[in-house]
>>> print(open('model_34.cif').read())   # mmCIF, C-alpha atoms, pLDDT in the B column; chains and numbers go by the auth columns
data_input
#
loop_
_atom_site.group_PDB
_atom_site.id
_atom_site.type_symbol
_atom_site.label_atom_id
_atom_site.label_comp_id
_atom_site.label_asym_id
_atom_site.label_seq_id
_atom_site.Cartn_x
_atom_site.Cartn_y
_atom_site.Cartn_z
_atom_site.B_iso_or_equiv
_atom_site.auth_seq_id
_atom_site.auth_asym_id
ATOM 1 C CA MET A 1 21.238 -43.479 -89.153 67.00 12 A
ATOM 2 C CA ASP A 2 22.013 -45.459 -86.006 87.00 13 A
ATOM 3 C CA TRP A 3 20.681 -43.367 -83.108 94.00 14 A
ATOM 4 C CA ILE A 4 21.184 -44.195 -79.432 96.00 15 A
ATOM 5 C CA LEU A 5 17.535 -43.292 -78.786 96.00 16 A
ATOM 6 C CA ASP A 6 16.403 -46.084 -81.145 96.00 17 A
ATOM 7 C CA ARG A 7 18.331 -48.640 -79.084 95.00 18 A
ATOM 8 C CA LEU A 8 17.070 -47.360 -75.706 96.00 19 A
ATOM 9 C CA VAL A 9 13.377 -46.883 -76.571 97.00 20 A
ATOM 10 C CA PRO A 10 12.706 -48.693 -79.864 96.00 21 A
ATOM 11 C CA THR A 11 8.960 -48.816 -79.220 97.00 22 A
ATOM 12 C CA TYR A 12 7.041 -46.140 -77.374 97.00 23 A
ATOM 13 C CA ASP A 13 3.592 -45.135 -76.251 98.00 24 A
ATOM 14 C CA PHE A 14 4.073 -41.369 -76.496 97.00 25 A
ATOM 15 C CA ARG A 15 6.439 -39.294 -78.603 96.00 26 A
ATOM 16 C CA SER A 16 7.206 -35.697 -79.478 95.00 27 A
ATOM 17 C CA ARG A 17 9.769 -34.463 -81.994 96.00 28 A
ATOM 18 C CA TYR A 18 10.819 -30.922 -82.862 96.00 29 A
ATOM 19 C CA THR A 19 13.465 -29.756 -85.313 97.00 30 A
ATOM 20 C CA ARG A 20 15.236 -26.551 -86.210 96.00 31 A
ATOM 21 C CA ARG A 21 17.597 -25.690 -89.029 97.00 32 A
ATOM 22 C CA ILE A 22 20.514 -23.691 -87.681 97.00 33 A
ATOM 23 C CA ALA A 23 22.896 -21.629 -89.786 97.00 34 A
ATOM 24 C CA ALA A 24 25.980 -22.884 -87.947 97.00 35 A
ATOM 25 C CA SER A 25 28.316 -25.872 -88.017 95.00 36 A
ATOM 26 C CA PRO A 26 27.466 -29.019 -86.046 96.00 37 A
ATOM 27 C CA GLU A 27 30.436 -28.196 -83.769 96.00 38 A
ATOM 28 C CA ALA A 28 28.986 -24.763 -82.940 96.00 39 A
ATOM 29 C CA VAL A 29 25.521 -26.246 -82.373 96.00 40 A
ATOM 30 C CA TRP A 30 26.942 -28.976 -80.115 95.00 41 A
ATOM 31 C CA ALA A 31 28.804 -26.386 -78.045 94.00 42 A
ATOM 32 C CA ALA A 32 25.673 -24.211 -77.813 93.00 43 A
ATOM 33 C CA LEU A 33 23.547 -27.197 -76.741 92.00 44 A
ATOM 34 C CA HIS A 34 25.802 -27.720 -73.741 89.00 45 A
ATOM 35 C CA ALA A 35 26.206 -24.025 -72.934 88.00 46 A
ATOM 36 C CA VAL A 36 22.555 -22.842 -72.873 85.00 47 A
ATOM 37 C CA THR A 37 21.636 -21.754 -69.356 78.00 48 A
ATOM 38 C CA ALA A 38 18.369 -21.643 -67.475 73.00 49 A
ATOM 39 C CA ALA A 39 18.597 -17.840 -67.538 77.00 50 A
ATOM 40 C CA GLU A 40 18.050 -18.012 -71.322 75.00 51 A
ATOM 41 C CA LEU A 41 14.835 -20.012 -70.899 76.00 52 A
ATOM 42 C CA PRO A 42 12.228 -17.962 -69.003 71.00 53 A
ATOM 43 C CA VAL A 43 9.246 -20.044 -70.169 70.00 54 A
ATOM 44 C CA THR A 44 11.010 -23.253 -69.166 68.00 55 A
ATOM 45 C CA ARG A 45 11.863 -21.874 -65.723 60.00 56 A
ATOM 46 C CA LEU A 46 8.260 -20.782 -65.216 68.00 57 A
ATOM 47 C CA LEU A 47 6.732 -24.101 -66.319 67.00 58 A
ATOM 48 C CA MET A 48 9.214 -26.179 -64.323 67.00 59 A
ATOM 49 C CA GLY A 49 8.549 -23.994 -61.268 60.00 60 A
ATOM 50 C CA VAL A 50 4.813 -24.577 -61.643 60.00 61 A
ATOM 51 C CA ARG A 51 5.345 -28.335 -62.121 60.00 62 A
ATOM 52 C CA SER A 52 7.437 -28.543 -58.950 56.00 63 A
ATOM 53 C CA ALA A 53 5.101 -26.211 -57.019 54.00 64 A
ATOM 54 C CA GLY A 54 8.079 -23.918 -56.468 58.00 65 A
ATOM 55 C CA ARG A 55 10.231 -26.636 -54.874 56.00 66 A
ATOM 56 C CA SER A 56 12.926 -26.426 -57.528 63.00 67 A
ATOM 57 C CA ARG A 57 14.548 -23.549 -59.340 62.00 68 A
ATOM 58 C CA LEU A 58 16.560 -24.134 -62.474 57.00 69 A
ATOM 59 C CA SER A 59 19.908 -22.404 -62.706 58.00 70 A
ATOM 60 C CA GLY A 60 23.183 -22.792 -64.562 55.00 71 A
ATOM 61 C CA PRO A 61 23.744 -24.775 -67.755 57.00 72 A
ATOM 62 C CA MET A 62 20.633 -26.742 -68.698 57.00 73 A
ATOM 63 C CA ALA A 63 22.700 -29.824 -69.519 63.00 74 A
ATOM 64 C CA GLU A 64 23.539 -29.952 -65.782 62.00 75 A
ATOM 65 C CA ALA A 65 20.281 -28.527 -64.365 52.00 76 A
ATOM 66 C CA LEU A 66 18.053 -31.336 -65.637 63.00 77 A
ATOM 67 C CA SER A 67 17.885 -34.220 -63.216 69.00 78 A
ATOM 68 C CA TRP A 68 17.820 -36.854 -65.941 83.00 79 A
ATOM 69 C CA ASN A 69 20.522 -39.494 -66.240 91.00 80 A
ATOM 70 C CA GLU A 70 22.882 -39.368 -69.205 92.00 81 A
ATOM 71 C CA LEU A 71 22.122 -42.545 -71.145 95.00 82 A
ATOM 72 C CA GLY A 72 24.346 -42.063 -74.153 95.00 83 A
ATOM 73 C CA ARG A 73 26.428 -39.632 -76.137 94.00 84 A
ATOM 74 C CA VAL A 74 28.210 -39.524 -79.438 95.00 85 A
ATOM 75 C CA GLU A 75 30.262 -36.313 -79.348 95.00 86 A
ATOM 76 C CA GLY A 76 28.981 -33.772 -81.834 94.00 87 A
ATOM 77 C CA ARG A 77 26.074 -35.945 -82.961 96.00 88 A
ATOM 78 C CA GLU A 78 23.698 -37.139 -80.217 96.00 89 A
ATOM 79 C CA ALA A 79 23.086 -36.763 -76.485 93.00 90 A
ATOM 80 C CA VAL A 80 20.408 -38.783 -74.709 95.00 91 A
ATOM 81 C CA GLY A 81 19.086 -38.395 -71.181 93.00 92 A
ATOM 82 C CA GLY A 82 16.376 -40.378 -69.497 95.00 93 A
ATOM 83 C CA ILE A 83 14.595 -41.276 -66.333 95.00 94 A
ATOM 84 C CA VAL A 84 12.212 -43.903 -65.035 97.00 95 A
ATOM 85 C CA ALA A 85 9.495 -42.340 -62.922 96.00 96 A
ATOM 86 C CA LYS A 86 5.853 -42.115 -61.975 97.00 97 A
ATOM 87 C CA PHE A 87 5.503 -38.736 -63.673 93.00 98 A
ATOM 88 C CA TRP A 88 1.765 -38.486 -63.067 95.00 99 A
ATOM 89 C CA ARG A 89 2.150 -38.060 -59.299 92.00 100 A
ATOM 90 C CA LEU A 90 2.152 -34.610 -57.731 83.00 101 A
ATOM 91 C CA ARG A 91 5.676 -35.414 -56.550 83.00 102 A
ATOM 92 C CA PRO A 92 6.951 -37.859 -59.180 87.00 103 A
ATOM 93 C CA ALA A 93 8.613 -40.956 -57.761 91.00 104 A
ATOM 94 C CA ARG A 94 11.953 -41.829 -59.372 93.00 105 A
ATOM 95 C CA GLY A 95 12.617 -45.350 -60.505 95.00 106 A
ATOM 96 C CA PRO A 96 15.169 -47.733 -59.035 96.00 107 A
ATOM 97 C CA LYS A 97 18.808 -46.612 -59.164 94.00 108 A
ATOM 98 C CA GLU A 98 19.731 -49.426 -61.569 95.00 109 A
ATOM 99 C CA THR A 99 17.734 -47.582 -64.256 95.00 110 A
ATOM 100 C CA ALA A 100 20.295 -44.737 -64.230 94.00 111 A
ATOM 101 C CA ASP A 101 22.591 -46.535 -66.678 94.00 112 A
ATOM 102 C CA PRO A 102 21.755 -47.355 -70.322 96.00 113 A
ATOM 103 C CA ALA A 103 21.454 -51.138 -69.907 96.00 114 A
ATOM 104 C CA GLY A 104 19.320 -50.880 -66.766 96.00 115 A
ATOM 105 C CA PHE A 105 17.104 -48.248 -68.363 96.00 116 A
ATOM 106 C CA ALA A 106 16.583 -50.217 -71.589 96.00 117 A
ATOM 107 C CA SER A 107 15.780 -53.508 -69.850 96.00 118 A
ATOM 108 C CA PHE A 108 13.599 -52.120 -67.045 97.00 119 A
ATOM 109 C CA ALA A 109 10.067 -53.554 -67.185 97.00 120 A
ATOM 110 C CA GLU A 110 8.702 -53.526 -63.612 97.00 121 A
ATOM 111 C CA PRO A 111 4.969 -52.666 -63.766 98.00 122 A
ATOM 112 C CA GLY A 112 3.818 -49.281 -62.484 98.00 123 A
ATOM 113 C CA TRP A 113 6.373 -47.001 -64.162 98.00 124 A
ATOM 114 C CA ALA A 114 7.129 -45.046 -67.317 98.00 125 A
ATOM 115 C CA LYS A 115 10.497 -44.700 -69.016 97.00 126 A
ATOM 116 C CA ALA A 116 11.181 -41.352 -70.696 96.00 127 A
ATOM 117 C CA ALA A 117 14.190 -40.590 -72.865 96.00 128 A
ATOM 118 C CA MET A 118 14.989 -37.295 -74.575 93.00 129 A
ATOM 119 C CA ALA A 119 17.584 -36.996 -77.329 94.00 130 A
ATOM 120 C CA PHE A 120 19.230 -34.093 -79.089 93.00 131 A
ATOM 121 C CA GLN A 121 20.408 -35.192 -82.518 96.00 132 A
ATOM 122 C CA LEU A 122 22.554 -33.158 -84.933 96.00 133 A
ATOM 123 C CA SER A 123 22.803 -33.768 -88.659 96.00 134 A
ATOM 124 C CA PRO A 124 24.930 -31.678 -91.036 95.00 135 A
ATOM 125 C CA GLU A 125 22.705 -30.026 -93.614 93.00 136 A
ATOM 126 C CA GLY A 126 24.259 -27.929 -96.361 91.00 137 A
ATOM 127 C CA GLU A 127 26.126 -25.064 -94.724 91.00 138 A
ATOM 128 C CA GLY A 128 24.362 -25.609 -91.412 96.00 139 A
ATOM 129 C CA THR A 129 22.901 -28.167 -89.043 97.00 140 A
ATOM 130 C CA LEU A 130 19.533 -29.786 -88.514 97.00 141 A
ATOM 131 C CA LEU A 131 18.977 -30.063 -84.765 96.00 142 A
ATOM 132 C CA ALA A 132 16.226 -32.390 -83.567 96.00 143 A
ATOM 133 C CA THR A 133 14.963 -33.091 -80.095 94.00 144 A
ATOM 134 C CA GLU A 134 12.844 -36.168 -79.611 96.00 145 A
ATOM 135 C CA THR A 135 11.208 -37.475 -76.460 95.00 146 A
ATOM 136 C CA ARG A 136 9.879 -41.023 -76.222 97.00 147 A
ATOM 137 C CA ILE A 137 7.915 -42.506 -73.347 97.00 148 A
ATOM 138 C CA ARG A 138 7.278 -46.190 -72.780 98.00 149 A
ATOM 139 C CA ALA A 139 4.984 -47.298 -69.959 98.00 150 A
ATOM 140 C CA THR A 140 5.726 -50.626 -68.310 98.00 151 A
ATOM 141 C CA ASP A 141 2.095 -51.741 -68.121 98.00 152 A
ATOM 142 C CA GLU A 142 -1.407 -50.741 -69.191 98.00 153 A
ATOM 143 C CA ALA A 143 -2.331 -48.949 -65.940 98.00 154 A
ATOM 144 C CA SER A 144 0.818 -46.823 -66.187 98.00 155 A
ATOM 145 C CA ARG A 145 0.091 -46.117 -69.864 98.00 156 A
ATOM 146 C CA ARG A 146 -3.364 -44.793 -68.925 98.00 157 A
ATOM 147 C CA ALA A 147 -1.984 -42.748 -66.004 98.00 158 A
ATOM 148 C CA PHE A 148 0.776 -41.262 -68.151 97.00 159 A
ATOM 149 C CA GLY A 149 -1.752 -40.575 -70.932 97.00 160 A
ATOM 150 C CA ARG A 150 -3.833 -38.420 -68.596 97.00 161 A
ATOM 151 C CA TYR A 151 -0.676 -36.613 -67.405 94.00 162 A
ATOM 152 C CA TRP A 152 0.479 -36.123 -71.030 95.00 163 A
ATOM 153 C CA LEU A 153 -2.813 -34.413 -71.883 95.00 164 A
ATOM 154 C CA LEU A 154 -2.017 -31.822 -69.213 90.00 165 A
ATOM 155 C CA VAL A 155 1.675 -31.234 -69.961 88.00 166 A
ATOM 156 C CA ARG A 156 2.145 -31.873 -73.689 91.00 167 A
ATOM 157 C CA ALA A 157 1.610 -28.268 -74.804 85.00 168 A
ATOM 158 C CA GLY A 158 3.966 -26.945 -72.130 80.00 169 A
ATOM 159 C CA SER A 159 6.510 -29.614 -72.997 83.00 170 A
ATOM 160 C CA GLY A 160 6.375 -28.435 -76.609 86.00 171 A
ATOM 161 C CA LEU A 161 6.921 -24.821 -75.552 85.00 172 A
ATOM 162 C CA ILE A 162 9.977 -25.891 -73.576 84.00 173 A
ATOM 163 C CA ARG A 163 11.410 -27.725 -76.597 88.00 174 A
ATOM 164 C CA PHE A 164 10.782 -24.742 -78.929 91.00 175 A
ATOM 165 C CA GLU A 165 12.410 -22.360 -76.462 90.00 176 A
ATOM 166 C CA PHE A 166 15.418 -24.637 -76.009 90.00 177 A
ATOM 167 C CA LEU A 167 15.931 -25.035 -79.778 93.00 178 A
ATOM 168 C CA ARG A 168 15.646 -21.258 -80.253 94.00 179 A
ATOM 169 C CA ALA A 169 18.215 -20.551 -77.510 93.00 180 A
ATOM 170 C CA ILE A 170 20.637 -23.107 -78.975 93.00 181 A
ATOM 171 C CA ALA A 171 20.235 -21.564 -82.440 95.00 182 A
ATOM 172 C CA ARG A 172 20.763 -18.049 -81.088 94.00 183 A
ATOM 173 C CA ARG A 173 23.998 -19.087 -79.343 92.00 184 A
ATOM 174 C CA ALA A 174 25.339 -21.162 -82.250 95.00 185 A
ATOM 175 C CA GLU A 175 24.548 -18.548 -84.896 95.00 186 A
ATOM 176 C CA SER A 176 26.142 -15.762 -82.856 91.00 187 A
ATOM 177 C CA THR A 177 29.516 -17.525 -83.148 75.00 188 A
ATOM 178 C CA ARG A 178 29.570 -17.266 -86.949 60.00 189 A
#
>>> encode(input="model_34.cif", output="structure tokens")
Amino acid sequence: MDWILDRLVPTYDFRSRYTRRIAASPEAVWAALHAVTAAELPVTRLLMGVRSAGRSRLSGPMAEALSWNELGRVEGREAVGGIVAKFWRLRPARGPKETADPAGFASFAEPGWAKAAMAFQLSPEGEGTLLATETRIRATDEASRRAFGRYWLLVRAGSGLIRFEFLRAIARRAESTR
């Protein structure tokens, strides 16, 4: 299948992928993906609060609460967000504003940064939907790859918990509409 994520980050240094089978139509899952709120994600709120040292508090629909740029969307099938940053800093520095659009993000190669993209991908499966979330990170140079690698060791487990919680909340919403 032709995924937007494959065009934006075809090669990567770090990756995580989680899936969930949901007993609901792709349309119901898509709607649930965009309707899940921060209030439904207590673990995510806690971990993001710790990461920001209490400077930010998530609220409202998660699709709007995340500060990532929308890099692509195929209605009902795939949504991709991403950001260029120095994630390993206590207060991560955001990349140049030209990286906020898909072309600028994909072509960005200035040393000292990492590009992260997260996709939600829906595939019809029998009477339901297979929902996948995949995150890919590509560092722009070796020093950034090492710095992000150390950061990833610290946050990978928490990142996985966030993904599991998000998938569970989407499933709960989508399946309640049946």
>>> resolve_selection(input="model_34.cif", expression="the PyMOL selection byres ((chain A and resi 148-154) around 7)", output="list in words")
Tyr23, Asp24, Phe25, Arg26, Ala120, Glu121, Pro122, Gly123, Trp124, Ala125, Lys126, Ala127, Ala128, Thr146, Arg147, Ser155, Arg156, Arg157 and Ala158 of chain A
>>> atom_distance(input="model_34.cif", atom1="CA of Val85 in chain A", atom2="CA of Arg32 in chain A")
19.9 Å
>>> atom_distance(input="model_34.cif", atom1="CA of Arg105 in chain A", atom2="CA of Asn80 in chain A")
11.2 Å
>>> atom_distance(input="model_34.cif", atom1="CA of Ser118 in chain A", atom2="CA of Pro103 in chain A")
20.9 Å
>>> closest_residue(input="model_34.cif", among="A:Thr48, A:Gln132, A:Ser27, A:Thr188", to="Gly83 in chain A", atoms="all atoms listed in the file")
A:Gln132
